[in-house]
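Next up, run-v6.pdb (PDB, C-alpha atoms, pLDDT in the B column):
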MODEL        1
ATOM      1  CA  MET A   1     132.663-132.208-149.237  1.00 82.00           C
ATOM      2  CA  ALA A   2     129.887-130.735-151.371  1.00 86.00           C
ATOM      3  CA  ALA A   3     132.293-130.137-154.234  1.00 88.00           C
ATOM      4  CA  TYR A   4     133.143-133.842-154.302  1.00 93.00           C
ATOM      5  CA  LEU A   5     129.471-134.729-154.643  1.00 92.00           C
ATOM      6  CA  ILE A   6     129.049-132.339-157.550  1.00 90.00           C
ATOM      7  CA  VAL A   7     132.110-133.721-159.332  1.00 90.00           C
ATOM      8  CA  ALA A   8     130.991-137.310-158.678  1.00 92.00           C
ATOM      9  CA  THR A   9     127.535-136.546-160.090  1.00 91.00           C
ATOM     10  CA  TRP A  10     129.117-134.965-163.173  1.00 90.00           C
ATOM     11  CA  LEU A  11     131.379-137.968-163.773  1.00 90.00           C
ATOM     12  CA  VAL A  12     128.635-140.544-163.279  1.00 92.00           C
ATOM     13  CA  SER A  13     126.301-138.678-165.619  1.00 90.00           C
ATOM     14  CA  ASN A  14     129.060-138.504-168.246  1.00 88.00           C
ATOM     15  CA  ILE A  15     129.577-142.277-167.986  1.00 89.00           C
ATOM     16  CA  VAL A  16     125.823-142.851-168.292  1.00 90.00           C
ATOM     17  CA  CYS A  17     125.703-140.536-171.302  1.00 88.00           C
ATOM     18  CA  LEU A  18     128.480-142.440-173.090  1.00 86.00           C
ATOM     19  CA  TYR A  19     126.825-145.764-172.241  1.00 90.00           C
ATOM     20  CA  LEU A  20     123.522-144.596-173.749  1.00 87.00           C
ATOM     21  CA  VAL A  21     125.286-143.296-176.854  1.00 86.00           C
ATOM     22  CA  LYS A  22     126.950-146.641-177.480  1.00 86.00           C
ATOM     23  CA  ARG A  23     123.716-148.509-176.752  1.00 88.00           C
ATOM     24  CA  ARG A  24     121.811-146.408-179.313  1.00 85.00           C
ATOM     25  CA  ASN A  25     124.450-147.084-182.021  1.00 83.00           C
ATOM     26  CA  VAL A  26     125.540-143.463-182.311  1.00 82.00           C
ATOM     27  CA  GLU A  27     129.188-142.763-183.092  1.00 80.00           C
ATOM     28  CA  PRO A  28     130.664-141.229-179.887  1.00 76.00           C
ATOM     29  CA  GLY A  29     132.969-138.639-181.405  1.00 81.00           C
ATOM     30  CA  VAL A  30     135.188-136.153-179.637  1.00 84.00           C
ATOM     31  CA  VAL A  31     132.603-133.378-179.846  1.00 82.00           C
ATOM     32  CA  LEU A  32     129.934-135.535-178.221  1.00 80.00           C
ATOM     33  CA  ARG A  33     132.298-136.467-175.395  1.00 81.00           C
ATOM     34  CA  ILE A  34     133.176-132.826-174.764  1.00 84.00           C
ATOM     35  CA  VAL A  35     129.503-131.838-174.757  1.00 82.00           C
ATOM     36  CA  GLY A  36     128.766-134.664-172.328  1.00 81.00           C
ATOM     37  CA  ALA A  37     131.558-133.513-170.051  1.00 82.00           C
ATOM     38  CA  LEU A  38     130.490-129.871-170.142  1.00 86.00           C
ATOM     39  CA  LEU A  39     126.760-130.363-169.717  1.00 86.00           C
ATOM     40  CA  GLY A  40     126.950-133.191-167.212  1.00 84.00           C
ATOM     41  CA  PRO A  41     123.479-134.387-166.202  1.00 88.00           C
ATOM     42  CA  LEU A  42     121.832-132.248-168.896  1.00 88.00           C
ATOM     43  CA  ALA A  43     123.537-134.270-171.638  1.00 86.00           C
ATOM     44  CA  ILE A  44     121.551-137.439-170.895  1.00 86.00           C
ATOM     45  CA  PRO A  45     118.265-136.160-172.427  1.00 88.00           C
ATOM     46  CA  LEU A  46     120.209-134.878-175.440  1.00 85.00           C
ATOM     47  CA  VAL A  47     121.301-138.442-176.240  1.00 84.00           C
ATOM     48  CA  TYR A  48     117.723-139.332-177.098  1.00 86.00           C
ATOM     49  CA  THR A  49     117.553-136.561-179.712  1.00 86.00           C
ATOM     50  CA  LEU A  50     120.499-137.968-181.699  1.00 81.00           C
ATOM     51  CA  LYS A  51     119.856-140.012-184.802  1.00 79.00           C
ATOM     52  CA  THR A  52     121.010-143.619-184.757  1.00 79.00           C
ATOM     53  CA  LYS A  53     123.146-145.224-187.476  1.00 73.00           C
ATOM     54  CA  VAL A  54     120.714-148.112-187.939  1.00 67.00           C
ATOM     55  CA  LYS A  55     117.030-147.451-188.493  1.00 64.00           C
ATOM     56  CA  ILE A  56     114.872-149.349-186.042  1.00 57.00           C
TER      57      ILE A  56
ENDMDL
END
Target encoding structure tokens, full file:
Amino acid sequence: MAAYLIVATWLVSNIVCLYLVKRRNVEPGVVLRIVGALLGPLAIPLVYTLKTKVKI
């Protein structure tokens, strides 16, 4: 049962990471998706270090 919770947390954090990437106008390439999948919850803070396409 614990393994399911870990996998669910990893998947939800990956979805949140991709949502934040699209919201910040960063191009979600293949490399960014793989990094998000590998790092899981740790990838969410990394989204805020990426440069956006449009200057705010």
Next on the checklist: Rounded to one decimal, what separation in Å do you get between atom CA of A:Arg24 and atom CA of A:Ala43?
Outcome noted: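 Those two atoms sit 14.5 Å apart.
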Next on the checklist: Take the PyMOL selection byres ((chain A and resi 10) around 9), run it mentally on this structure, and tell me the resulting residues as a list in words.
Outcome noted: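 In the shown coordinates, the PyMOL selection byres ((chain A and resi 10) around 9) covers Leu5, Ile6, Val7, Ala8, Thr9, Leu11, Val12, Ser13, Asn14, Ile15, Ala37, Leu38, Leu39, Gly40 and Pro41 of chain A.
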Item to check | Nearby residues (only C-alpha atoms) at most 8 Å from stretch 28-31 of chain A, same-chain spacing under 5 positions excluded, as a list in words | outcome: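 Answer for this query is Leu18, Val21 and Lys22 of chain A.
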Next on the checklist: What's around A:Val26 at 8 Å? Count all atoms listed in the file, leave out sequence neighbours fewer than 5 positions away in its own chain, and write the answer as a list in words.
Outcome noted: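 Counting all atoms listed in the file, the residues come to Val21, Leu50, Lys51, Thr52 and Lys53 of chain A.
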Item to check | Å distance separating atom CA of A:Val16 from atom CA of A:Tyr4, one decimal place | outcome: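 Straight-line distance from atom CA of A:Val16 to atom CA of A:Tyr4 works out to 18.2 Å.
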Checklist entry - So how far away is atom CA of A:Cys17 from atom CA of A:Leu46, in Å? => result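 Going from atom CA of A:Leu46 over to atom CA of A:Cys17 covers 8.9 Å.
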Padding 6 Å on every side, please: axis-aligned box over the listed atoms of stretch 31-49 of chain A, centre and edge lengths to one decimal in Å, as JSON.
{"center_x": 125.4, "center_y": -134.6, "center_z": -173.0, "size_x": 27.6, "size_y": 21.5, "size_z": 25.6}
